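One structure below.
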Amino acid sequence: MSVRSATTPDFSTPPLELPADLEPDNPLWRFALAFWKRPDVQNSCLALQNQGWSVTRILGAAWLALSGRVFAGVEDATVTEWRDRVTGALRAARKWLPKANADCSALREGIAGLELEAERIELALAWHW
């Protein structure tokens with residue numbers, strides 16, 4: 001009989017190896033922060049996210065397009081792995097918590113802050129590659 005829960009993460013996977021010269025405060029991150037503040041961008045991106053799209057991929061593609069470059073749709077495996085294992089896990093935890101429960105509000109807000117930091121690192125990884 002296994003004592004492991006179906007929801008227990010698999011910690012046997014080794015930690016991600018990130019580049020030593022990662023630049024979290026890079027032009028892509030600064031673009032994402034500024035672009036997010038534009039009218040309708042936030043609502044449009046969140047609506048697409050609810051359909052399964054990655055907001056960081058959308059913002060990265062927008063940055064490339066506005067810079068006159070093309071997004072080929074291919075990302076480094078580290079970016080995808082970070083999104084799946086870190087950003088996605090934080091988002092899932094935040095969304096799982098009930099919004100109407102006052103006892104969970106501070107936890108939801110804290111996770112939302114961590115989720116934003118995870119997205120910053122995700123964009124830093126995209127910028128690095």
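By order in the structure tokens, chains are A, B, ...; within a chain, residues start at 1; ligands start at 1, following the order shown.
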Pick out the residues sitting within 7 Å of region 21-31 of chain A, and hand them over as a short mmCIF file (atom, residue, chain, number, x, y, z; two decimals) with N, CA and C atoms, in the first residue's frame; count only C-alpha atoms, and ignore anything fewer than 4 positions along from it in its own chain.
```
data_model
loop_
_atom_site.label_atom_id
_atom_site.label_comp_id
_atom_site.auth_asym_id
_atom_site.auth_seq_id
_atom_site.Cartn_x
_atom_site.Cartn_y
_atom_site.Cartn_z
N PHE A 35 3.37 46.95 -21.19
CA PHE A 35 2.32 46.51 -22.12
C PHE A 35 1.08 46.04 -21.36
N TRP A 63 6.15 41.38 -27.94
CA TRP A 63 7.40 42.13 -27.89
C TRP A 63 8.21 41.92 -29.18
N ARG A 120 8.39 36.55 -14.01
CA ARG A 120 9.57 37.39 -14.29
C ARG A 120 10.77 36.51 -14.62
N ILE A 121 10.96 35.44 -13.85
CA ILE A 121 12.07 34.53 -14.13
C ILE A 121 11.83 33.79 -15.44
N LEU A 123 10.27 34.95 -18.06
CA LEU A 123 10.63 35.87 -19.15
C LEU A 123 12.14 36.10 -19.20
N ALA A 124 12.81 36.04 -18.05
CA ALA A 124 14.28 36.14 -18.05
C ALA A 124 14.89 34.94 -18.76
N LEU A 125 14.31 33.78 -18.57
CA LEU A 125 14.79 32.59 -19.28
C LEU A 125 14.55 32.73 -20.78
N TRP A 127 14.35 35.53 -22.39
CA TRP A 127 15.29 36.57 -22.83
C TRP A 127 16.70 35.97 -22.99
N HIS A 128 17.08 35.11 -22.10
CA HIS A 128 18.42 34.50 -22.12
C HIS A 128 18.62 33.64 -23.37
#
```
Find the residues around Arg57 (chain A) up to 10 Å (only C-alpha atoms counted), leave out those fewer than 2 positions away in its own chain, and share them as a PyMOL selection string. chain A and resi 53-55+59-63+71+73-75+79-80+122-123+126
How about saving the chosen residues, N, CA, C and O atoms kept, as an mmCIF file, in the first residue's frame?
```cif
data_model
loop_
_atom_site.group_PDB
_atom_site.id
_atom_site.type_symbol
_atom_site.label_atom_id
_atom_site.label_comp_id
_atom_site.auth_asym_id
_atom_site.auth_seq_id
_atom_site.Cartn_x
_atom_site.Cartn_y
_atom_site.Cartn_z
ATOM 1 N N TRP A 53 -3.875 29.358 -22.947
ATOM 2 C CA TRP A 53 -2.723 30.060 -23.515
ATOM 3 C C TRP A 53 -1.787 30.513 -22.405
ATOM 4 O O TRP A 53 -2.203 30.757 -21.278
ATOM 5 N N SER A 54 -0.531 30.677 -22.743
ATOM 6 C CA SER A 54 0.465 31.202 -21.814
ATOM 7 C C SER A 54 0.594 32.707 -22.017
ATOM 8 O O SER A 54 0.934 33.157 -23.121
ATOM 9 N N VAL A 55 0.334 33.472 -20.962
ATOM 10 C CA VAL A 55 0.443 34.927 -21.057
ATOM 11 C C VAL A 55 1.882 35.335 -21.345
ATOM 12 O O VAL A 55 2.127 36.252 -22.132
ATOM 13 N N LEU A 59 2.965 37.691 -24.414
ATOM 14 C CA LEU A 59 3.717 38.926 -24.234
ATOM 15 C C LEU A 59 5.056 38.872 -24.969
ATOM 16 O O LEU A 59 5.491 39.865 -25.559
ATOM 17 N N GLY A 60 5.701 37.710 -24.949
ATOM 18 C CA GLY A 60 6.953 37.550 -25.689
ATOM 19 C C GLY A 60 6.743 37.706 -27.184
ATOM 20 O O GLY A 60 7.532 38.368 -27.878
ATOM 21 N N ALA A 61 5.664 37.122 -27.708
ATOM 22 C CA ALA A 61 5.349 37.243 -29.132
ATOM 23 C C ALA A 61 5.025 38.690 -29.490
ATOM 24 O O ALA A 61 5.436 39.186 -30.551
ATOM 25 N N ALA A 62 4.306 39.388 -28.610
ATOM 26 C CA ALA A 62 3.975 40.795 -28.853
ATOM 27 C C ALA A 62 5.247 41.638 -28.884
ATOM 28 O O ALA A 62 5.405 42.510 -29.755
ATOM 29 N N TRP A 63 6.151 41.375 -27.945
ATOM 30 C CA TRP A 63 7.404 42.125 -27.889
ATOM 31 C C TRP A 63 8.206 41.916 -29.177
ATOM 32 O O TRP A 63 8.712 42.864 -29.772
ATOM 33 N N PHE A 71 7.909 35.589 -33.988
ATOM 34 C CA PHE A 71 7.935 34.537 -32.973
ATOM 35 C C PHE A 71 7.683 33.219 -33.681
ATOM 36 O O PHE A 71 6.606 33.002 -34.231
ATOM 37 N N GLY A 73 7.406 30.359 -32.353
ATOM 38 C CA GLY A 73 6.609 29.425 -31.561
ATOM 39 C C GLY A 73 7.442 28.380 -30.855
ATOM 40 O O GLY A 73 6.907 27.524 -30.163
ATOM 41 N N VAL A 74 8.746 28.447 -31.010
ATOM 42 C CA VAL A 74 9.645 27.473 -30.393
ATOM 43 C C VAL A 74 10.348 28.141 -29.217
ATOM 44 O O VAL A 74 10.865 29.247 -29.344
ATOM 45 N N GLU A 75 10.338 27.444 -28.089
ATOM 46 C CA GLU A 75 11.002 27.956 -26.893
ATOM 47 C C GLU A 75 12.041 26.944 -26.429
ATOM 48 O O GLU A 75 11.923 25.757 -26.704
ATOM 49 N N VAL A 79 12.538 27.050 -20.513
ATOM 50 C CA VAL A 79 11.418 27.995 -20.364
ATOM 51 C C VAL A 79 10.124 27.217 -20.158
ATOM 52 O O VAL A 79 9.338 27.504 -19.241
ATOM 53 N N THR A 80 9.903 26.227 -20.996
ATOM 54 C CA THR A 80 8.688 25.413 -20.909
ATOM 55 C C THR A 80 8.636 24.644 -19.599
ATOM 56 O O THR A 80 7.588 24.576 -18.949
ATOM 57 N N GLU A 122 10.581 33.430 -15.693
ATOM 58 C CA GLU A 122 10.246 32.771 -16.965
ATOM 59 C C GLU A 122 10.612 33.660 -18.155
ATOM 60 O O GLU A 122 11.202 33.191 -19.140
ATOM 61 N N LEU A 123 10.273 34.946 -18.065
ATOM 62 C CA LEU A 123 10.633 35.867 -19.147
ATOM 63 C C LEU A 123 12.145 36.096 -19.199
ATOM 64 O O LEU A 123 12.703 36.310 -20.275
ATOM 65 N N ALA A 126 13.385 33.248 -21.162
ATOM 66 C CA ALA A 126 13.099 33.464 -22.574
ATOM 67 C C ALA A 126 14.076 34.488 -23.157
ATOM 68 O O ALA A 126 14.570 34.324 -24.278
#
```
Polymer residues at most 12 Å from Asn50 (chain A), only C-alpha atoms, same-chain spacing of 6 or more positions, as JSON, numbers by chain: {"A": [43, 44, 91, 92, 95]}
Work out how far apart CA of Ala77 (chain A) and CA of Arg108 (chain A) are and give it in Å to one decimal.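 It comes out at 28.7 Å.
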For Cys45 (chain A), find every residue with an atom within 8 Å (counting only C-alpha atoms), except residues of its own chain fewer than 4 positions away, and show them as a list in words. Val41, Gln49, Val55 and Ile58 of chain A
To one decimal place, how far is CA of Leu114 (chain A) from CA of Gly88 (chain A) in Å? 11.3 Å
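The two atoms in question, CA of Trp36 (chain A) and CA of Pro98 (chain A), are spaced 25.3 Å apart.
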Step one, run DSSP on the backbone; step two, keep only residues of chain A assigned to helix (DSSP H, G or I); then write them as a short mmCIF file (atom, residue, chain, number, x, y, z; two decimals) with N, CA, C and O atoms, in the first residue's frame.
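Result written to states09.cif:
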```
data_model
loop_
_atom_site.label_atom_id
_atom_site.label_comp_id
_atom_site.auth_asym_id
_atom_site.auth_seq_id
_atom_site.Cartn_x
_atom_site.Cartn_y
_atom_site.Cartn_z
N PRO A 27 14.95 43.87 -20.94
CA PRO A 27 14.00 44.62 -21.77
C PRO A 27 12.66 43.90 -21.99
O PRO A 27 11.62 44.56 -22.07
N LEU A 28 12.67 42.59 -22.08
CA LEU A 28 11.42 41.84 -22.27
C LEU A 28 10.52 41.99 -21.04
O LEU A 28 9.31 42.21 -21.17
N TRP A 29 11.08 41.90 -19.84
CA TRP A 29 10.31 42.06 -18.61
C TRP A 29 9.75 43.49 -18.52
O TRP A 29 8.58 43.69 -18.20
N ARG A 30 10.58 44.47 -18.82
CA ARG A 30 10.12 45.86 -18.75
C ARG A 30 9.00 46.10 -19.77
O ARG A 30 8.02 46.79 -19.48
N PHE A 31 9.14 45.52 -20.96
CA PHE A 31 8.07 45.62 -21.96
C PHE A 31 6.79 44.99 -21.41
O PHE A 31 5.70 45.57 -21.54
N ALA A 32 6.90 43.79 -20.85
CA ALA A 32 5.72 43.08 -20.35
C ALA A 32 4.99 43.91 -19.29
O ALA A 32 3.75 44.00 -19.31
N LEU A 33 5.73 44.52 -18.37
CA LEU A 33 5.11 45.35 -17.33
C LEU A 33 4.37 46.54 -17.94
O LEU A 33 3.25 46.86 -17.55
N ALA A 34 5.00 47.21 -18.90
CA ALA A 34 4.39 48.38 -19.52
C ALA A 34 3.21 47.99 -20.41
O ALA A 34 2.16 48.63 -20.37
N PHE A 35 3.37 46.95 -21.19
CA PHE A 35 2.32 46.51 -22.12
C PHE A 35 1.08 46.04 -21.36
O PHE A 35 -0.05 46.27 -21.78
N TRP A 36 1.31 45.39 -20.21
CA TRP A 36 0.21 44.87 -19.37
C TRP A 36 -0.72 46.00 -18.93
O TRP A 36 -1.91 45.79 -18.71
N VAL A 41 -5.37 44.95 -22.62
CA VAL A 41 -4.34 43.91 -22.72
C VAL A 41 -4.51 42.88 -21.59
O VAL A 41 -4.53 41.68 -21.82
N GLN A 42 -4.66 43.38 -20.36
CA GLN A 42 -4.78 42.48 -19.21
C GLN A 42 -5.99 41.57 -19.36
O GLN A 42 -5.87 40.35 -19.22
N ASN A 43 -7.16 42.15 -19.66
CA ASN A 43 -8.37 41.32 -19.79
C ASN A 43 -8.26 40.33 -20.94
O ASN A 43 -8.68 39.18 -20.82
N SER A 44 -7.70 40.78 -22.06
CA SER A 44 -7.55 39.88 -23.21
C SER A 44 -6.59 38.74 -22.90
O SER A 44 -6.88 37.57 -23.21
N CYS A 45 -5.47 39.06 -22.28
CA CYS A 45 -4.49 38.02 -21.93
C CYS A 45 -5.05 37.03 -20.92
O CYS A 45 -4.85 35.82 -21.06
N LEU A 46 -5.76 37.53 -19.92
CA LEU A 46 -6.33 36.63 -18.91
C LEU A 46 -7.43 35.75 -19.50
O LEU A 46 -7.56 34.58 -19.14
N ALA A 47 -8.20 36.29 -20.44
CA ALA A 47 -9.22 35.48 -21.12
C ALA A 47 -8.55 34.36 -21.92
O ALA A 47 -9.02 33.21 -21.90
N LEU A 48 -7.46 34.68 -22.59
CA LEU A 48 -6.72 33.65 -23.34
C LEU A 48 -6.08 32.64 -22.39
O LEU A 48 -6.05 31.44 -22.67
N GLN A 49 -5.58 33.12 -21.25
CA GLN A 49 -5.00 32.22 -20.26
C GLN A 49 -6.05 31.21 -19.77
O GLN A 49 -5.73 30.04 -19.60
N ASN A 50 -7.27 31.67 -19.58
CA ASN A 50 -8.34 30.77 -19.14
C ASN A 50 -8.68 29.73 -20.19
O ASN A 50 -9.29 28.71 -19.88
N VAL A 55 0.33 33.47 -20.96
CA VAL A 55 0.44 34.93 -21.06
C VAL A 55 1.88 35.33 -21.34
O VAL A 55 2.13 36.25 -22.13
N THR A 56 2.84 34.66 -20.77
CA THR A 56 4.24 35.03 -21.02
C THR A 56 4.61 34.79 -22.48
O THR A 56 5.37 35.56 -23.07
N ARG A 57 4.07 33.74 -23.09
CA ARG A 57 4.31 33.51 -24.53
C ARG A 57 3.65 34.60 -25.36
O ARG A 57 4.22 35.08 -26.34
N ILE A 58 2.43 34.98 -24.98
CA ILE A 58 1.72 36.04 -25.70
C ILE A 58 2.51 37.35 -25.62
O ILE A 58 2.73 38.03 -26.63
N LEU A 59 2.97 37.69 -24.41
CA LEU A 59 3.72 38.93 -24.23
C LEU A 59 5.06 38.87 -24.97
O LEU A 59 5.49 39.86 -25.56
N GLY A 60 5.70 37.71 -24.95
CA GLY A 60 6.95 37.55 -25.69
C GLY A 60 6.74 37.71 -27.18
O GLY A 60 7.53 38.37 -27.88
N ALA A 61 5.66 37.12 -27.71
CA ALA A 61 5.35 37.24 -29.13
C ALA A 61 5.03 38.69 -29.49
O ALA A 61 5.44 39.19 -30.55
N ALA A 62 4.31 39.39 -28.61
CA ALA A 62 3.97 40.79 -28.85
C ALA A 62 5.25 41.64 -28.88
O ALA A 62 5.40 42.51 -29.75
N TRP A 63 6.15 41.38 -27.94
CA TRP A 63 7.40 42.13 -27.89
C TRP A 63 8.21 41.92 -29.18
O TRP A 63 8.71 42.86 -29.77
N LEU A 64 8.28 40.66 -29.63
CA LEU A 64 9.01 40.39 -30.87
C LEU A 64 8.34 41.08 -32.05
O LEU A 64 9.02 41.69 -32.89
N ALA A 65 7.01 40.98 -32.14
CA ALA A 65 6.29 41.59 -33.26
C ALA A 65 6.48 43.11 -33.29
O ALA A 65 6.72 43.69 -34.36
N LEU A 66 6.38 43.74 -32.12
CA LEU A 66 6.55 45.19 -32.06
C LEU A 66 8.00 45.61 -32.29
O LEU A 66 8.27 46.78 -32.58
N ALA A 77 13.65 24.44 -23.90
CA ALA A 77 12.98 23.50 -22.99
C ALA A 77 12.98 23.99 -21.55
O ALA A 77 12.04 23.70 -20.80
N THR A 78 13.99 24.76 -21.16
CA THR A 78 14.04 25.28 -19.79
C THR A 78 12.89 26.24 -19.52
O THR A 78 12.31 26.23 -18.43
N VAL A 79 12.54 27.05 -20.51
CA VAL A 79 11.42 28.00 -20.36
C VAL A 79 10.12 27.22 -20.16
O VAL A 79 9.34 27.50 -19.24
N THR A 80 9.90 26.23 -21.00
CA THR A 80 8.69 25.41 -20.91
C THR A 80 8.64 24.64 -19.60
O THR A 80 7.59 24.58 -18.95
N GLU A 81 9.76 24.08 -19.20
CA GLU A 81 9.81 23.33 -17.95
C GLU A 81 9.53 24.24 -16.76
O GLU A 81 8.80 23.88 -15.84
N TRP A 82 10.12 25.44 -16.76
CA TRP A 82 9.86 26.41 -15.68
C TRP A 82 8.38 26.75 -15.62
O TRP A 82 7.78 26.77 -14.56
N ARG A 83 7.79 27.01 -16.79
CA ARG A 83 6.38 27.36 -16.84
C ARG A 83 5.53 26.22 -16.28
O ARG A 83 4.60 26.45 -15.51
N ASP A 84 5.85 25.00 -16.66
CA ASP A 84 5.06 23.85 -16.21
C ASP A 84 5.26 23.55 -14.73
O ASP A 84 4.29 23.31 -14.01
N ARG A 85 6.51 23.55 -14.29
CA ARG A 85 6.81 23.10 -12.93
C ARG A 85 6.70 24.19 -11.87
O ARG A 85 6.42 23.89 -10.71
N VAL A 86 6.90 25.44 -12.24
CA VAL A 86 6.92 26.51 -11.23
C VAL A 86 5.74 27.46 -11.42
O VAL A 86 4.85 27.51 -10.58
N THR A 87 5.73 28.20 -12.54
CA THR A 87 4.66 29.18 -12.75
C THR A 87 3.29 28.50 -12.73
O THR A 87 2.36 28.97 -12.06
N GLY A 88 3.16 27.41 -13.45
CA GLY A 88 1.88 26.71 -13.52
C GLY A 88 1.44 26.15 -12.18
O GLY A 88 0.25 26.19 -11.84
N ALA A 89 2.40 25.64 -11.41
CA ALA A 89 2.06 25.08 -10.09
C ALA A 89 1.57 26.18 -9.15
O ALA A 89 0.60 25.98 -8.41
N LEU A 90 2.23 27.34 -9.18
CA LEU A 90 1.79 28.45 -8.34
C LEU A 90 0.41 28.95 -8.76
O LEU A 90 -0.45 29.21 -7.93
N ARG A 91 0.20 29.05 -10.08
CA ARG A 91 -1.10 29.50 -10.57
C ARG A 91 -2.20 28.52 -10.15
O ARG A 91 -3.28 28.92 -9.72
N ALA A 92 -1.93 27.23 -10.28
CA ALA A 92 -2.92 26.21 -9.89
C ALA A 92 -3.24 26.31 -8.41
O ALA A 92 -4.41 26.22 -8.02
N ALA A 93 -2.22 26.51 -7.59
CA ALA A 93 -2.45 26.62 -6.14
C ALA A 93 -3.29 27.85 -5.82
O ALA A 93 -4.23 27.78 -5.03
N ARG A 94 -2.99 28.97 -6.47
CA ARG A 94 -3.76 30.20 -6.24
C ARG A 94 -5.21 30.03 -6.67
O ARG A 94 -6.14 30.41 -5.95
N LYS A 95 -5.41 29.46 -7.84
CA LYS A 95 -6.78 29.30 -8.35
C LYS A 95 -7.58 28.29 -7.55
O LYS A 95 -8.81 28.35 -7.52
N TRP A 96 -6.91 27.37 -6.92
CA TRP A 96 -7.60 26.35 -6.13
C TRP A 96 -8.19 26.94 -4.85
O TRP A 96 -9.21 26.49 -4.37
N ALA A 102 -12.28 34.67 3.42
CA ALA A 102 -11.39 35.71 3.96
C ALA A 102 -10.14 35.10 4.59
O ALA A 102 -9.08 35.73 4.58
N ASP A 103 -10.26 33.89 5.14
CA ASP A 103 -9.11 33.25 5.78
C ASP A 103 -8.02 32.91 4.76
O ASP A 103 -6.86 32.75 5.12
N CYS A 104 -8.38 32.80 3.50
CA CYS A 104 -7.43 32.44 2.45
C CYS A 104 -6.92 33.64 1.65
O CYS A 104 -6.04 33.48 0.81
N SER A 105 -7.46 34.82 1.91
CA SER A 105 -7.11 35.97 1.07
C SER A 105 -5.63 36.34 1.14
O SER A 105 -5.02 36.62 0.11
N ALA A 106 -5.05 36.34 2.32
CA ALA A 106 -3.63 36.67 2.43
C ALA A 106 -2.77 35.62 1.73
O ALA A 106 -1.79 35.95 1.07
N LEU A 107 -3.16 34.36 1.84
CA LEU A 107 -2.43 33.29 1.16
C LEU A 107 -2.56 33.45 -0.35
O LEU A 107 -1.57 33.34 -1.08
N ARG A 108 -3.77 33.73 -0.85
CA ARG A 108 -3.98 33.94 -2.29
C ARG A 108 -3.11 35.09 -2.80
O ARG A 108 -2.48 35.00 -3.84
N GLU A 109 -3.09 36.20 -2.06
CA GLU A 109 -2.30 37.36 -2.46
C GLU A 109 -0.81 37.04 -2.46
O GLU A 109 -0.07 37.46 -3.34
N GLY A 110 -0.37 36.29 -1.46
CA GLY A 110 1.04 35.90 -1.40
C GLY A 110 1.44 35.01 -2.56
O GLY A 110 2.49 35.20 -3.17
N ILE A 111 0.59 34.07 -2.88
CA ILE A 111 0.87 33.18 -4.02
C ILE A 111 0.85 33.97 -5.32
O ILE A 111 1.67 33.73 -6.21
N ALA A 112 -0.08 34.93 -5.44
CA ALA A 112 -0.13 35.77 -6.64
C ALA A 112 1.18 36.53 -6.82
O ALA A 112 1.68 36.67 -7.95
N GLY A 113 1.76 37.02 -5.72
CA GLY A 113 3.05 37.70 -5.80
C GLY A 113 4.16 36.76 -6.24
O GLY A 113 5.02 37.13 -7.04
N LEU A 114 4.13 35.55 -5.72
CA LEU A 114 5.13 34.55 -6.12
C LEU A 114 4.95 34.15 -7.59
O LEU A 114 5.92 33.93 -8.31
N GLU A 115 3.69 34.09 -8.01
CA GLU A 115 3.39 33.76 -9.41
C GLU A 115 3.96 34.84 -10.34
O GLU A 115 4.55 34.52 -11.38
N LEU A 116 3.83 36.10 -9.97
CA LEU A 116 4.38 37.19 -10.76
C LEU A 116 5.91 37.09 -10.82
O LEU A 116 6.52 37.29 -11.87
N GLU A 117 6.53 36.78 -9.70
CA GLU A 117 7.99 36.60 -9.67
C GLU A 117 8.40 35.42 -10.55
O GLU A 117 9.42 35.47 -11.25
N ALA A 118 7.62 34.35 -10.54
CA ALA A 118 7.91 33.19 -11.39
C ALA A 118 7.80 33.58 -12.87
O ALA A 118 8.61 33.14 -13.69
N GLU A 119 6.83 34.43 -13.20
CA GLU A 119 6.69 34.90 -14.58
C GLU A 119 7.88 35.78 -14.96
O GLU A 119 8.35 35.74 -16.11
N ARG A 120 8.39 36.55 -14.01
CA ARG A 120 9.57 37.39 -14.29
C ARG A 120 10.77 36.51 -14.62
O ARG A 120 11.51 36.77 -15.56
N ILE A 121 10.96 35.44 -13.85
CA ILE A 121 12.07 34.53 -14.13
C ILE A 121 11.83 33.79 -15.44
O ILE A 121 12.77 33.58 -16.22
N GLU A 122 10.58 33.43 -15.69
CA GLU A 122 10.25 32.77 -16.96
C GLU A 122 10.61 33.66 -18.16
O GLU A 122 11.20 33.19 -19.14
N LEU A 123 10.27 34.95 -18.06
CA LEU A 123 10.63 35.87 -19.15
C LEU A 123 12.14 36.10 -19.20
O LEU A 123 12.70 36.31 -20.28
N ALA A 124 12.81 36.04 -18.05
CA ALA A 124 14.28 36.14 -18.05
C ALA A 124 14.89 34.94 -18.76
O ALA A 124 15.87 35.09 -19.50
N LEU A 125 14.31 33.78 -18.57
CA LEU A 125 14.79 32.59 -19.28
C LEU A 125 14.55 32.73 -20.78
O LEU A 125 15.43 32.39 -21.60
N ALA A 126 13.39 33.25 -21.16
CA ALA A 126 13.10 33.46 -22.57
C ALA A 126 14.08 34.49 -23.16
O ALA A 126 14.57 34.32 -24.28
N TRP A 127 14.35 35.53 -22.39
CA TRP A 127 15.29 36.57 -22.83
C TRP A 127 16.70 35.97 -22.99
O TRP A 127 17.40 36.29 -23.94
N HIS A 128 17.08 35.11 -22.10
CA HIS A 128 18.42 34.50 -22.12
C HIS A 128 18.62 33.64 -23.37
O HIS A 128 19.70 33.60 -23.94
#
```
